[in-house]
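Next up, protein_17.tsv (TSV, C-alpha atoms):
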```tsv
chain	number	residue	atom	x	y	z
Q	198	MET	CA	34.42	42.68	-92.15
Q	199	SER	CA	30.86	43.29	-91.06
Q	200	THR	CA	28.12	43.55	-93.67
Q	201	VAL	CA	24.89	45.52	-93.94
Q	202	PRO	CA	22.77	42.37	-93.35
Q	203	ASP	CA	24.76	41.61	-90.16
Q	204	PHE	CA	24.29	45.19	-89.02
Q	205	ILE	CA	20.54	45.21	-89.67
Q	206	ARG	CA	19.86	41.75	-88.23
Q	207	SER	CA	21.95	42.34	-85.09
Q	208	THR	CA	20.83	45.87	-84.17
Q	209	PRO	CA	17.52	46.45	-82.31
Q	210	PRO	CA	14.88	48.15	-84.52
Q	211	ALA	CA	14.65	51.22	-82.27
Q	212	ALA	CA	18.38	51.84	-82.69
Q	213	LEU	CA	18.18	51.28	-86.45
Q	214	ARG	CA	15.33	53.74	-86.70
Q	215	GLU	CA	17.39	56.35	-84.88
Q	216	TYR	CA	20.34	55.68	-87.19
Q	217	PHE	CA	18.39	56.08	-90.46
Q	218	ASN	CA	16.73	59.24	-89.10
Q	219	ALA	CA	20.17	60.60	-88.21
Q	220	ILE	CA	21.56	60.11	-91.71
Q	221	ASN	CA	18.46	61.73	-93.28
Q	222	VAL	CA	17.44	58.83	-95.50
Q	223	THR	CA	13.80	58.47	-96.52
Q	224	LEU	CA	12.65	54.86	-96.28
Q	225	PRO	CA	9.72	53.27	-98.16
Q	226	ASP	CA	6.36	52.72	-96.47
Q	227	ASP	CA	6.86	48.95	-96.09
Q	228	VAL	CA	9.58	49.55	-93.48
Q	229	VAL	CA	7.41	49.40	-90.35
Q	230	TRP	CA	9.33	49.75	-87.09
Q	231	GLU	CA	6.61	48.47	-84.78
Q	232	GLY	CA	6.14	44.74	-84.42
Q	233	ALA	CA	8.53	41.80	-84.43
Q	234	ALA	CA	12.20	42.60	-85.02
Q	235	ASN	CA	12.46	40.00	-87.79
Q	236	ASP	CA	9.70	41.75	-89.73
Q	237	VAL	CA	11.88	44.85	-90.08
Q	238	VAL	CA	14.83	43.09	-91.69
Q	239	PRO	CA	13.61	42.13	-95.23
Q	240	PRO	CA	12.06	45.51	-96.18
Q	241	LEU	CA	15.00	47.40	-94.69
Q	242	LEU	CA	17.51	45.35	-96.68
Q	243	ARG	CA	15.50	46.00	-99.84
Q	244	ALA	CA	15.45	49.71	-99.01
Q	245	VAL	CA	19.25	49.81	-98.68
Q	246	ASP	CA	19.67	47.98	-101.99
Q	247	ALA	CA	17.45	50.59	-103.68
Q	248	MET	CA	19.34	53.60	-102.30
Q	249	SER	CA	21.52	55.87	-104.39
Q	250	ASP	CA	25.16	54.83	-104.66
Q	251	THR	CA	26.18	57.59	-102.24
Q	252	ASP	CA	23.64	56.66	-99.54
Q	253	ARG	CA	24.21	52.93	-99.89
Q	254	LEU	CA	27.99	53.36	-99.64
Q	255	ARG	CA	27.55	55.43	-96.49
Q	256	VAL	CA	25.40	52.74	-94.88
Q	257	MET	CA	27.94	50.08	-95.87
Q	258	ASN	CA	30.83	52.03	-94.35
Q	259	ASP	CA	28.89	52.80	-91.17
Q	260	ALA	CA	27.87	49.15	-90.84
Q	261	ASP	CA	31.50	48.06	-91.12
Q	262	ARG	CA	32.63	50.50	-88.45
Q	263	VAL	CA	29.82	49.70	-86.02
Q	264	GLY	CA	30.16	45.96	-86.63
Q	265	ALA	CA	33.89	46.01	-85.88
Q	266	MET	CA	33.27	47.82	-82.58
Q	267	ALA	CA	30.48	45.40	-81.66
Q	268	LYS	CA	32.99	42.56	-81.38
Q	269	GLU	CA	34.72	41.80	-78.09
Q	270	ALA	CA	37.85	43.84	-78.73
Q	271	GLY	CA	35.72	46.74	-79.91
Q	272	GLU	CA	33.46	46.59	-76.86
Q	273	VAL	CA	36.44	46.70	-74.53
Q	274	ALA	CA	37.70	49.73	-76.44
Q	275	LEU	CA	34.31	51.46	-76.21
Q	276	TYR	CA	34.17	51.01	-72.46
Q	277	SER	CA	37.80	52.11	-72.15
Q	278	VAL	CA	36.99	55.62	-73.44
Q	279	THR	CA	33.31	56.25	-72.74
Q	280	THR	CA	32.12	58.71	-70.12
Q	281	SER	CA	28.71	56.99	-70.08
Q	282	PRO	CA	29.28	53.33	-69.12
Q	283	ASP	CA	25.97	53.23	-67.23
Q	284	VAL	CA	24.10	54.13	-70.42
Q	285	LEU	CA	25.91	51.44	-72.41
Q	286	ASP	CA	25.02	48.88	-69.74
Q	287	THR	CA	21.31	49.49	-70.30
Q	288	LEU	CA	21.40	48.79	-74.04
Q	289	ALA	CA	20.25	45.51	-75.52
Q	290	ASN	CA	23.42	44.16	-77.13
Q	291	SER	CA	26.88	44.99	-78.43
Q	292	HIS	CA	25.58	46.41	-81.74
Q	293	ALA	CA	23.23	48.73	-79.87
Q	294	ARG	CA	26.10	49.93	-77.68
Q	295	ALA	CA	28.42	50.50	-80.62
Q	296	LEU	CA	25.72	52.34	-82.58
Q	297	TRP	CA	24.82	54.51	-79.57
Q	298	MET	CA	28.44	55.65	-79.30
Q	299	PHE	CA	28.59	56.15	-83.07
Q	300	LEU	CA	25.56	58.46	-83.00
Q	301	LYS	CA	25.77	60.14	-79.60
Q	302	ASP	CA	29.51	60.45	-79.08
Q	303	PRO	CA	31.27	60.37	-82.47
Q	304	ALA	CA	34.54	61.70	-81.01
Q	305	GLY	CA	34.45	58.98	-78.36
Q	306	PHE	CA	33.72	56.39	-81.04
Q	307	ASP	CA	36.77	57.60	-83.00
Q	308	HIS	CA	38.92	57.32	-79.86
Q	309	ALA	CA	37.57	53.81	-79.27
Q	310	GLU	CA	38.61	52.81	-82.80
Q	311	GLU	CA	42.08	54.16	-82.05
Q	312	ALA	CA	42.19	52.23	-78.76
Q	313	ARG	CA	41.15	49.04	-80.53
Q	314	TYR	CA	43.92	49.54	-83.10
Q	315	ALA	CA	46.51	49.86	-80.32
Q	316	ASP	CA	45.23	46.83	-78.40
Q	317	VAL	CA	44.66	44.44	-81.31
Q	318	TYR	CA	48.29	44.77	-82.43
Q	319	ARG	CA	49.72	44.82	-78.91
Q	320	PHE	CA	52.58	42.33	-78.43
Q	321	GLY	CA	52.56	41.56	-82.15
Q	322	LYS	CA	55.02	42.32	-84.93
Q	323	MET	CA	54.02	45.99	-85.02
Q	324	TRP	CA	54.52	46.55	-81.27
Q	325	ASP	CA	57.33	47.79	-79.03
Q	326	GLY	CA	57.39	48.82	-75.38
Q	327	PHE	CA	59.81	51.05	-73.47
Q	328	GLU	CA	60.43	52.23	-69.93
Q	329	CYS	CA	60.21	56.01	-69.60
Q	330	LYS	CA	59.60	58.65	-66.95
Q	331	SER	CA	56.54	58.12	-64.75
Q	332	GLY	CA	54.09	60.68	-63.37
Q	333	VAL	CA	54.17	63.13	-66.30
Q	334	VAL	CA	51.09	65.23	-67.07
Q	335	LEU	CA	50.96	65.18	-70.86
Q	336	PRO	CA	50.31	68.51	-72.58
Q	337	ARG	CA	47.17	68.38	-74.72
Q	338	ALA	CA	47.81	71.64	-76.57
Q	339	GLY	CA	50.32	74.47	-76.87
Q	340	ASP	CA	53.96	74.67	-77.88
Q	341	ALA	CA	54.96	71.17	-76.74
Q	342	LEU	CA	52.27	69.47	-78.82
Q	343	GLY	CA	53.05	71.71	-81.79
Q	344	ALA	CA	56.74	70.87	-81.53
Q	345	PHE	CA	55.88	67.16	-81.40
Q	346	GLN	CA	53.80	67.38	-84.59
Q	347	ASN	CA	56.46	69.43	-86.37
Q	348	SER	CA	59.20	67.01	-85.37
Q	349	ILE	CA	57.20	64.09	-86.82
Q	350	ALA	CA	56.64	66.02	-90.06
Q	351	THR	CA	60.38	66.69	-90.32
Q	352	ALA	CA	61.52	63.20	-89.34
Q	353	PHE	CA	59.21	61.43	-91.79
Q	354	ASP	CA	59.07	64.07	-94.53
Q	355	SER	CA	55.30	64.41	-94.11
Q	356	ARG	CA	53.43	67.47	-95.34
Q	357	HIS	CA	50.55	66.91	-92.91
Q	358	VAL	CA	50.47	65.47	-89.38
Q	359	GLU	CA	47.57	65.26	-86.94
Q	360	VAL	CA	47.78	64.06	-83.35
Q	361	GLU	CA	44.81	62.91	-81.24
Q	362	ILE	CA	45.21	62.52	-77.46
Q	363	CYS	CA	42.63	60.86	-75.20
Q	364	ASP	CA	42.35	59.27	-71.79
Q	365	ARG	CA	41.44	55.61	-71.69
Q	366	SER	CA	41.88	52.44	-69.67
Q	367	ARG	CA	43.01	48.90	-70.44
Q	368	PRO	CA	42.60	45.63	-68.52
Q	369	SER	CA	45.88	44.77	-66.82
Q	370	ARG	CA	47.44	41.56	-65.61
Q	371	ASP	CA	46.47	42.10	-61.95
Q	372	GLY	CA	42.78	42.41	-62.85
Q	373	GLU	CA	42.51	46.17	-62.33
Q	374	ASP	CA	42.22	48.58	-65.22
Q	375	ALA	CA	45.38	50.53	-66.05
Q	376	GLU	CA	44.79	54.22	-66.67
Q	377	LEU	CA	46.42	55.28	-69.95
Q	378	ILE	CA	46.88	58.31	-72.14
Q	379	GLN	CA	46.79	57.37	-75.81
Q	380	THR	CA	48.37	59.49	-78.51
Q	381	THR	CA	47.33	58.53	-82.03
Q	382	ILE	CA	49.39	59.92	-84.88
Q	383	TYR	CA	48.20	60.32	-88.46
Q	384	ARG	CA	50.78	61.42	-90.98
Q	385	GLU	CA	50.74	61.78	-94.73
Q	386	GLY	CA	52.91	59.26	-96.53
Q	387	ARG	CA	54.95	59.63	-99.69
Q	388	ALA	CA	53.24	60.16	-103.02
Q	389	SER	CA	52.20	57.06	-104.92
Q	390	ASP	CA	49.46	56.04	-107.32
Q	391	ARG	CA	46.80	53.37	-107.52
Q	392	ARG	CA	44.37	51.91	-110.03
Q	393	ALA	CA	40.92	53.47	-110.21
Q	394	PHE	CA	38.05	53.73	-112.66
Q	395	VAL	CA	37.84	57.27	-114.04
Q	396	ASN	CA	34.74	58.00	-116.13
Q	397	GLY	CA	34.21	54.26	-116.47
Q	398	LYS	CA	37.76	53.50	-117.64
Q	399	LEU	CA	40.61	51.94	-115.70
Q	400	ASP	CA	43.33	54.48	-114.97
Q	401	ARG	CA	45.93	55.35	-112.36
Q	402	GLN	CA	45.42	58.19	-109.92
Q	403	PRO	CA	47.99	59.82	-107.65
Q	404	PHE	CA	47.38	59.68	-103.90
Q	405	ARG	CA	49.20	60.02	-100.58
Q	406	PRO	CA	48.35	57.38	-97.96
Q	407	VAL	CA	47.52	58.24	-94.35
Q	408	ILE	CA	49.79	56.29	-92.02
Q	409	GLU	CA	48.56	55.59	-88.50
Q	410	ALA	CA	50.55	54.91	-85.33
Q	411	ALA	CA	49.50	54.73	-81.69
Q	412	ILE	CA	51.43	55.44	-78.49
Q	413	THR	CA	50.05	54.63	-75.04
Q	414	TYR	CA	51.55	56.10	-71.88
Q	415	GLU	CA	50.83	54.72	-68.40
Q	416	PRO	CA	51.73	57.55	-66.00
Q	417	LYS	CA	51.66	55.32	-62.92
Q	418	VAL	CA	54.63	53.21	-64.05
Q	419	GLY	CA	56.07	55.22	-66.97
Q	420	THR	CA	55.52	52.53	-69.59
Q	421	VAL	CA	55.30	53.70	-73.20
Q	422	GLU	CA	53.98	51.27	-75.82
Q	423	VAL	CA	53.89	51.97	-79.54
Q	424	VAL	CA	52.14	50.31	-82.47
Q	425	ALA	CA	53.50	51.16	-85.92
Q	426	GLN	CA	54.57	49.17	-88.94
Q	427	ALA	CA	58.36	49.53	-89.05
Q	428	ARG	CA	60.64	48.93	-86.07
Q	429	GLU	CA	62.79	52.01	-86.79
Q	430	THR	CA	59.59	54.05	-87.07
Q	431	ARG	CA	58.44	52.87	-83.65
Q	432	GLU	CA	61.65	53.82	-81.87
Q	433	ALA	CA	61.80	57.18	-83.63
Q	434	LEU	CA	58.22	58.01	-82.61
Q	435	VAL	CA	58.84	57.14	-78.97
Q	436	ARG	CA	62.04	59.17	-78.99
Q	437	LEU	CA	60.14	62.25	-80.20
Q	438	PHE	CA	57.26	61.53	-77.81
Q	439	ALA	CA	59.64	61.37	-74.82
Q	440	GLU	CA	61.52	64.50	-75.87
Q	441	HIS	CA	58.52	66.75	-76.58
Q	442	LEU	CA	55.61	65.41	-74.50
Q	443	LEU	CA	57.33	63.71	-71.56
Q	444	GLY	CA	60.12	66.27	-71.40
Q	445	THR	CA	62.78	63.64	-70.82
Q	446	PRO	CA	65.60	62.06	-72.83
Q	447	PHE	CA	64.74	58.71	-74.40
Q	448	GLY	CA	66.80	55.92	-72.83
Q	449	GLY	CA	65.75	53.14	-75.21
Q	450	LYS	CA	65.22	50.56	-72.44
Q	451	ARG	CA	62.64	48.03	-73.59
Q	452	ILE	CA	60.07	46.54	-71.23
Q	453	PRO	CA	59.98	42.77	-70.64
Q	454	VAL	CA	58.30	40.83	-73.43
Q	455	ARG	CA	56.49	37.53	-73.17
Q	456	GLN	CA	58.11	34.52	-74.73
Q	457	TYR	CA	56.42	31.18	-75.14
Q	458	ARG	CA	57.73	27.66	-74.75
Q	459	LEU	CA	55.90	24.56	-75.90
Q	460	ASP	CA	58.21	21.80	-74.64
Q	461	PRO	CA	55.69	20.65	-71.98
Q	462	LEU	CA	53.44	19.51	-74.82
Q	463	ARG	CA	55.88	16.86	-76.07
Q	464	GLN	CA	54.07	14.48	-73.72
Q	465	PRO	CA	50.35	14.14	-72.91
Q	466	PHE	CA	49.46	17.15	-70.81
Q	467	ALA	CA	46.65	17.34	-68.24
Q	468	PHE	CA	46.01	21.15	-68.26
Q	469	PRO	CA	45.22	21.45	-64.52
Q	470	THR	CA	42.60	24.11	-63.66
Q	471	ASP	CA	40.79	25.46	-60.60
Q	472	PRO	CA	37.12	24.45	-60.23
Q	473	GLY	CA	36.06	28.03	-59.60
Q	474	ASP	CA	37.16	29.13	-63.10
Q	475	SER	CA	34.43	27.04	-64.80
Q	476	ILE	CA	36.79	25.43	-67.32
Q	477	GLU	CA	35.24	22.17	-68.45
Q	478	SER	CA	38.01	20.87	-70.73
Q	479	VAL	CA	41.13	21.79	-72.70
Q	480	ARG	CA	41.89	19.97	-75.95
Q	481	VAL	CA	44.89	20.37	-78.27
Q	482	THR	CA	43.52	20.38	-81.81
Q	483	SER	CA	46.63	21.03	-83.91
Q	484	MET	CA	50.40	21.02	-83.60
Q	485	LYS	CA	53.15	22.05	-86.02
Q	486	LEU	CA	56.54	20.36	-85.83
Q	487	MET	CA	59.93	21.22	-87.34
Q	488	PRO	CA	62.83	18.72	-87.42
Q	489	LEU	CA	65.69	19.68	-85.11
Q	490	ASP	CA	68.26	19.00	-87.83
Q	491	THR	CA	66.68	21.03	-90.63
Q	492	GLN	CA	64.35	23.95	-91.20
Q	493	GLY	CA	63.28	22.81	-94.64
Q	494	ARG	CA	60.32	20.67	-93.60
Q	495	ARG	CA	57.22	21.00	-91.43
Q	496	ILE	CA	54.70	18.50	-90.16
Q	497	THR	CA	51.18	19.58	-89.21
Q	498	LEU	CA	49.07	17.35	-86.98
Q	499	GLU	CA	45.34	17.94	-86.55
Q	500	CYS	CA	42.56	16.35	-84.54
Q	501	MET	CA	39.33	17.30	-86.23
Q	502	ARG	CA	36.09	17.99	-84.39
Q	503	GLY	CA	34.43	14.74	-83.38
Q	504	SER	CA	37.66	12.74	-83.33
Q	505	THR	CA	38.38	10.83	-80.12
Q	506	ASP	CA	42.14	10.73	-80.77
Q	507	THR	CA	44.53	13.01	-78.90
Q	508	ILE	CA	47.20	15.06	-80.64
Q	509	TRP	CA	49.85	12.84	-79.00
Q	510	LYS	CA	48.30	9.69	-80.47
Q	511	ALA	CA	48.29	11.40	-83.87
Q	512	ALA	CA	51.98	12.32	-83.38
Q	513	ALA	CA	52.90	8.77	-82.39
Q	514	GLU	CA	51.22	7.34	-85.50
Q	515	GLU	CA	52.70	9.96	-87.84
Q	516	LEU	CA	56.25	9.57	-86.48
Q	517	LYS	CA	56.23	5.82	-85.74
Q	518	ASP	CA	58.95	5.11	-88.32
Q	519	GLN	CA	61.32	7.74	-86.95
Q	520	GLU	CA	63.89	6.81	-84.35
Q	521	ASP	CA	63.42	9.74	-81.97
Q	522	GLY	CA	59.70	10.25	-82.52
Q	523	ILE	CA	58.47	13.64	-81.38
Q	524	GLU	CA	61.74	14.20	-79.50
Q	525	GLY	CA	63.40	14.77	-82.85
Q	526	TYR	CA	61.20	17.79	-83.54
Q	527	ARG	CA	60.71	21.29	-82.27
Q	528	ILE	CA	57.11	22.29	-81.60
Q	529	THR	CA	56.63	25.59	-83.43
Q	530	GLN	CA	52.89	26.10	-83.01
Q	531	VAL	CA	49.97	24.63	-81.11
Q	532	ARG	CA	46.28	25.36	-81.18
Q	533	PHE	CA	44.03	24.29	-78.33
Q	534	THR	CA	40.41	24.91	-77.42
Q	535	ILE	CA	39.26	25.75	-73.91
Q	536	ARG	CA	35.64	24.89	-73.20
Q	537	PHE	CA	33.87	26.66	-70.35
Q	538	ARG	CA	30.92	25.23	-68.45
Q	539	PRO	CA	27.54	26.61	-69.50
Q	540	THR	CA	26.35	29.75	-67.76
Q	541	PRO	CA	22.91	29.42	-66.13
Q	542	GLY	CA	20.25	30.61	-68.57
Q	543	VAL	CA	22.61	30.42	-71.57
Q	544	ARG	CA	22.45	27.55	-74.03
Q	545	GLY	CA	25.72	25.67	-74.36
Q	546	GLY	CA	29.16	26.40	-72.97
Q	547	ARG	CA	31.40	28.94	-74.60
Q	548	THR	CA	34.74	27.95	-76.16
Q	549	LEU	CA	37.94	29.95	-76.45
Q	550	PRO	CA	40.44	28.89	-79.15
Q	551	VAL	CA	44.07	29.74	-78.39
Q	552	THR	CA	46.99	29.61	-80.82
Q	553	ILE	CA	50.61	29.92	-79.63
Q	554	THR	CA	53.38	30.37	-82.18
Q	555	MET	CA	57.03	30.30	-81.13
Q	556	PRO	CA	58.61	32.40	-79.81
Q	557	GLN	CA	56.34	35.40	-79.16
Q	558	GLY	CA	53.04	34.78	-80.92
Q	559	CYS	CA	49.80	34.26	-79.03
Q	560	ASP	CA	46.31	35.35	-80.03
Q	561	VAL	CA	45.09	35.70	-76.44
Q	562	LYS	CA	45.10	39.41	-75.58
Q	563	ASP	CA	44.41	41.28	-72.33
Q	564	ARG	CA	40.85	42.13	-73.33
Q	565	THR	CA	38.00	40.07	-71.88
Q	566	GLU	CA	37.89	38.57	-68.42
Q	567	ARG	CA	38.23	35.02	-69.71
Q	568	GLU	CA	41.09	35.91	-72.04
Q	569	ARG	CA	42.96	37.52	-69.15
Q	570	LEU	CA	42.28	34.43	-67.04
Q	571	VAL	CA	43.81	32.18	-69.68
Q	572	GLY	CA	46.56	34.56	-70.78
Q	573	GLU	CA	47.88	35.51	-67.37
Q	574	LYS	CA	46.97	32.68	-65.03
Q	575	TYR	CA	46.92	29.44	-66.94
Q	576	LEU	CA	49.53	29.96	-69.65
Q	577	ARG	CA	51.97	30.71	-66.85
Q	578	ARG	CA	50.78	27.84	-64.64
Q	579	TRP	CA	51.04	25.41	-67.51
Q	580	GLY	CA	54.59	26.59	-68.19
Q	581	PHE	CA	53.93	28.01	-71.66
Q	582	VAL	CA	54.94	31.65	-71.04
Q	583	ARG	CA	57.65	33.69	-69.36
Q	584	ASP	CA	58.76	37.32	-69.36
Q	585	VAL	CA	62.20	38.08	-70.78
```

What does this structure look like when you write it as C-alpha cells?
Amino acid sequence: MSTVPDFIRSTPPAALREYFNAINVTLPDDVVWEGAANDVVPPLLRAVDAMSDTDRLRVMNDADRVGAMAKEAGEVALYSVTTSPDVLDTLANSHARALWMFLKDPAGFDHAEEARYADVYRFGKMWDGFECKSGVVLPRAGDALGAFQNSIATAFDSRHVEVEICDRSRPSRDGEDAELIQTTIYREGRASDRRAFVNGKLDRQPFRPVIEAAITYEPKVGTVEVVAQARETREALVRLFAEHLLGTPFGGKRIPVRQYRLDPLRQPFAFPTDPGDSIESVRVTSMKLMPLDTQGRRITLECMRGSTDTIWKAAAEELKDQEDGIEGYRITQVRFTIRFRPTPGVRGGRTLPVTITMPQGCDVKDRTERERLVGEKYLRRWGFVRDV
C-alpha cells in the first residue's frame, strides 16, 4: 500500500499543488512551492499531519489510489483506457501521470482501476476464460443492459447491482494491443456485521459488502475472460453475460490455459537468450522440492544474494545422503532473477524476479514489454510453459 510520504516525495511539486488546490485544503505559509522539490516535502508532510481527521483521511485514501496506479500494472491500465496518451507522455513520472488522470479524468481513472483489477488476477485462482461469439457490438444501455443487471440481482440475491462498461486495450502475446470491452460488475452481498468503534466504544455494526467482478470481451476473437472469487460465480456471470449482452447461448468451452513444467531444472540449465534482448544473466535463487513418494514433506533450497553457489550445487549438498538425489523429488516451485544490461544514461541494470509454481502459477503477467518478452518468448523457449 502506498503512503502519504511516498505520494508527496514521488509527485512533482506542481502536480501536488494542483491536487491540494483541487481538494480545497488551506496549507500553512511554510509550504512554498517554488524552489527545490525536496524543500516542499517536510512542510507538506507536517501540514498533512496537522489536518482535520476528515481531510487527512481523504489525502491518505487518495495517496493510496494514486500510488497503486503509479506502479507498472497501474500505468499499463491507465494507458489502456486513456483518451489522452500524448498528454501522459509529457508528464514527469508515473505519479504525475496517475495524479493527472485522477484529477482530470476521474471516470477514466476509475476504469483504469477496474482494468488493473482484471489484469492483476488474470490467469490466477480467481480467473476463468471461455470461447464465445465474436464480432458482437455490446449494448451500453437500454433493455439488454437492464436485463443483465436484473438477472445478476436475481441470481445472486442482491438488492443492488451496478454495471460499468468501458473500452480498453491489453498487451497481447503477439506484441500488438488487443482491443477489449470490459464490463465491471458491483453487487451488494449478503448482510453481515463487523467490529467498529461507536462513540469511542467497540461494538458491532451491520453492513453489506460490495462484491466486484470483471468480464473482458475481445470482439475480434470472441474470448470472454472473467475475474471473480468463486468458480461457480464466474461461470454464472459469463452465462448471463453471453445471454443478455452477446445475445448467444453460453457453450461453456474454456480457452486454453498455460501450464508450467519445471523438469528441465533438475540439471544445471544455461537459459539461452538472444543478444538483442539485453539479458545479461539468469540466476535461480530458490527451489522447492517435494518427495515423489509422499506429500508430507517439503525441502526449500535458497542461494542468497552474494553467494557464488548455484541452486544445483545446493541441491547436491542437501540431498547427498539420498539414493536418488534430486531425481527422487518433484520440483514444485522455482524463483529466478533475470538481470538486464544497463540502459544508456540509467544507473545500473534492471532485474526482473520470476516465480513459477506448479502447475499454473506464474507472477509474470502480460503487462510490460520486458514481462511479455520473458513470459511469452523465453518461458516457452526454455520449455517451462505450454498451453493445454

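For Asp490 (chain Q), the non-local neighbours within 10 Å, defined as residues at least 4 positions apart in the same chain or in other chains and counting only C-alpha atoms, are Arg494, Gly525, Tyr526 and Arg527 of chain Q.
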
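Between CA of Val531 (chain Q) and CA of Pro472 (chain Q) the separation is 24.5 Å.
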
query: Looking at only C-alpha atoms, which of Q:Ser355, Q:Gln456, Q:Ser277, Q:Ser348 is the one that sits closest to Leu434 (chain Q)?
result: Q:Ser348

message: I need the residue nearest Val424 (chain Q) from this list: Q:Met501, Q:Val454, Q:Trp509, Q:Glu311. Use all atoms listed in the file for the distance.
response: Q:Glu311

If you count all atoms listed in the file, which residues fall within 6 Å of region 409-412 of chain Q, apart from same-chain ones fewer than 3 positions away, as a PDB file with C-alpha atoms, keeping the file's coordinate frame?
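See selection_13.pdb below for the written result:
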```pdb
ATOM      1  CA  ALA Q 315      46.510  49.860 -80.320  1.00  0.00           C
ATOM      2  CA  GLN Q 379      46.790  57.370 -75.810  1.00  0.00           C
ATOM      3  CA  THR Q 380      48.370  59.490 -78.510  1.00  0.00           C
ATOM      4  CA  THR Q 381      47.330  58.530 -82.030  1.00  0.00           C
ATOM      5  CA  ILE Q 382      49.390  59.920 -84.880  1.00  0.00           C
ATOM      6  CA  TYR Q 383      48.200  60.320 -88.460  1.00  0.00           C
ATOM      7  CA  GLU Q 422      53.980  51.270 -75.820  1.00  0.00           C
ATOM      8  CA  VAL Q 423      53.890  51.970 -79.540  1.00  0.00           C
ATOM      9  CA  VAL Q 424      52.140  50.310 -82.470  1.00  0.00           C
ATOM     10  CA  ALA Q 425      53.500  51.160 -85.920  1.00  0.00           C
TER      11      ALA Q 425
END
```

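Residues lying within 8 Å of Ser478 (chain Q), counting all atoms listed in the file and ignoring same-chain neighbours fewer than 5 positions away, are Ile535, Arg536 and Phe537 of chain Q.
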
The centre and edge lengths of an axis-aligned box containing all atoms of region 356-361 of chain Q present in the file, extended by 5 Å on each side, are to be given in Å to one decimal, as AutoDock Vina command-line options.
```
--center_x 49.1 --center_y 65.2 --center_z -88.3 --size_x 18.6 --size_y 14.6 --size_z 24.1
```

message: So that I can check the surroundings of region 548-564 of chain Q, please list as JSON, numbers by chain every protein, DNA and RNA residue that reaches within 9 Å of it, counting all atoms listed in the file and ignoring chain neighbours fewer than 3 positions away.
response: {"Q": [269, 270, 273, 274, 316, 317, 319, 320, 321, 322, 367, 368, 369, 370, 454, 455, 456, 457, 458, 459, 528, 529, 530, 531, 532, 533, 534, 535, 536, 537, 567, 568, 569, 570, 571, 572, 573, 581]}

Where atoms are missing, can you supply N, CA and C atoms for region 512-526 of chain Q and output the lot as a PDB file, in the coordinates of the input?
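Just written: out_38.pdb:
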```
ATOM      1  N   ALA Q 512      50.533  12.161 -83.202  1.00  0.00           N
ATOM      2  CA  ALA Q 512      51.980  12.320 -83.380  1.00  0.00           C
ATOM      3  C   ALA Q 512      52.675  10.968 -83.382  1.00  0.00           C
ATOM      4  N   ALA Q 513      52.265  10.092 -82.476  1.00  0.00           N
ATOM      5  CA  ALA Q 513      52.900   8.770 -82.390  1.00  0.00           C
ATOM      6  C   ALA Q 513      52.682   7.981 -83.689  1.00  0.00           C
ATOM      7  N   GLU Q 514      51.483   8.075 -84.255  1.00  0.00           N
ATOM      8  CA  GLU Q 514      51.220   7.340 -85.500  1.00  0.00           C
ATOM      9  C   GLU Q 514      51.959   7.953 -86.680  1.00  0.00           C
ATOM     10  N   GLU Q 515      52.036   9.290 -86.722  1.00  0.00           N
ATOM     11  CA  GLU Q 515      52.700   9.960 -87.840  1.00  0.00           C
ATOM     12  C   GLU Q 515      54.198   9.730 -87.816  1.00  0.00           C
ATOM     13  N   LEU Q 516      54.790   9.644 -86.618  1.00  0.00           N
ATOM     14  CA  LEU Q 516      56.250   9.570 -86.480  1.00  0.00           C
ATOM     15  C   LEU Q 516      56.727   8.183 -86.064  1.00  0.00           C
ATOM     16  N   LYS Q 517      55.898   7.163 -86.251  1.00  0.00           N
ATOM     17  CA  LYS Q 517      56.230   5.820 -85.740  1.00  0.00           C
ATOM     18  C   LYS Q 517      57.466   5.226 -86.413  1.00  0.00           C
ATOM     19  N   ASP Q 518      57.787   5.658 -87.621  1.00  0.00           N
ATOM     20  CA  ASP Q 518      58.950   5.110 -88.320  1.00  0.00           C
ATOM     21  C   ASP Q 518      60.221   5.901 -88.056  1.00  0.00           C
ATOM     22  N   GLN Q 519      60.157   6.899 -87.205  1.00  0.00           N
ATOM     23  CA  GLN Q 519      61.320   7.740 -86.950  1.00  0.00           C
ATOM     24  C   GLN Q 519      61.907   7.418 -85.574  1.00  0.00           C
ATOM     25  N   GLU Q 520      63.205   7.322 -85.528  1.00  0.00           N
ATOM     26  CA  GLU Q 520      63.890   6.810 -84.350  1.00  0.00           C
ATOM     27  C   GLU Q 520      63.574   7.600 -83.086  1.00  0.00           C
ATOM     28  N   ASP Q 521      63.603   8.928 -83.171  1.00  0.00           N
ATOM     29  CA  ASP Q 521      63.420   9.740 -81.970  1.00  0.00           C
ATOM     30  C   ASP Q 521      61.976  10.169 -81.748  1.00  0.00           C
ATOM     31  N   GLY Q 522      61.086   9.846 -82.682  1.00  0.00           N
ATOM     32  CA  GLY Q 522      59.700  10.250 -82.520  1.00  0.00           C
ATOM     33  C   GLY Q 522      59.583  11.766 -82.391  1.00  0.00           C
ATOM     34  N   ILE Q 523      58.692  12.211 -81.544  1.00  0.00           N
ATOM     35  CA  ILE Q 523      58.470  13.640 -81.380  1.00  0.00           C
ATOM     36  C   ILE Q 523      59.672  14.344 -80.766  1.00  0.00           C
ATOM     37  N   GLU Q 524      60.546  13.598 -80.088  1.00  0.00           N
ATOM     38  CA  GLU Q 524      61.740  14.200 -79.500  1.00  0.00           C
ATOM     39  C   GLU Q 524      62.704  14.725 -80.553  1.00  0.00           C
ATOM     40  N   GLY Q 525      62.551  14.284 -81.779  1.00  0.00           N
ATOM     41  CA  GLY Q 525      63.400  14.770 -82.850  1.00  0.00           C
ATOM     42  C   GLY Q 525      62.871  16.030 -83.520  1.00  0.00           C
ATOM     43  N   TYR Q 526      61.841  16.617 -82.936  1.00  0.00           N
ATOM     44  CA  TYR Q 526      61.200  17.790 -83.540  1.00  0.00           C
ATOM     45  C   TYR Q 526      61.043  18.920 -82.523  1.00  0.00           C
TER      46      TYR Q 526
END
```
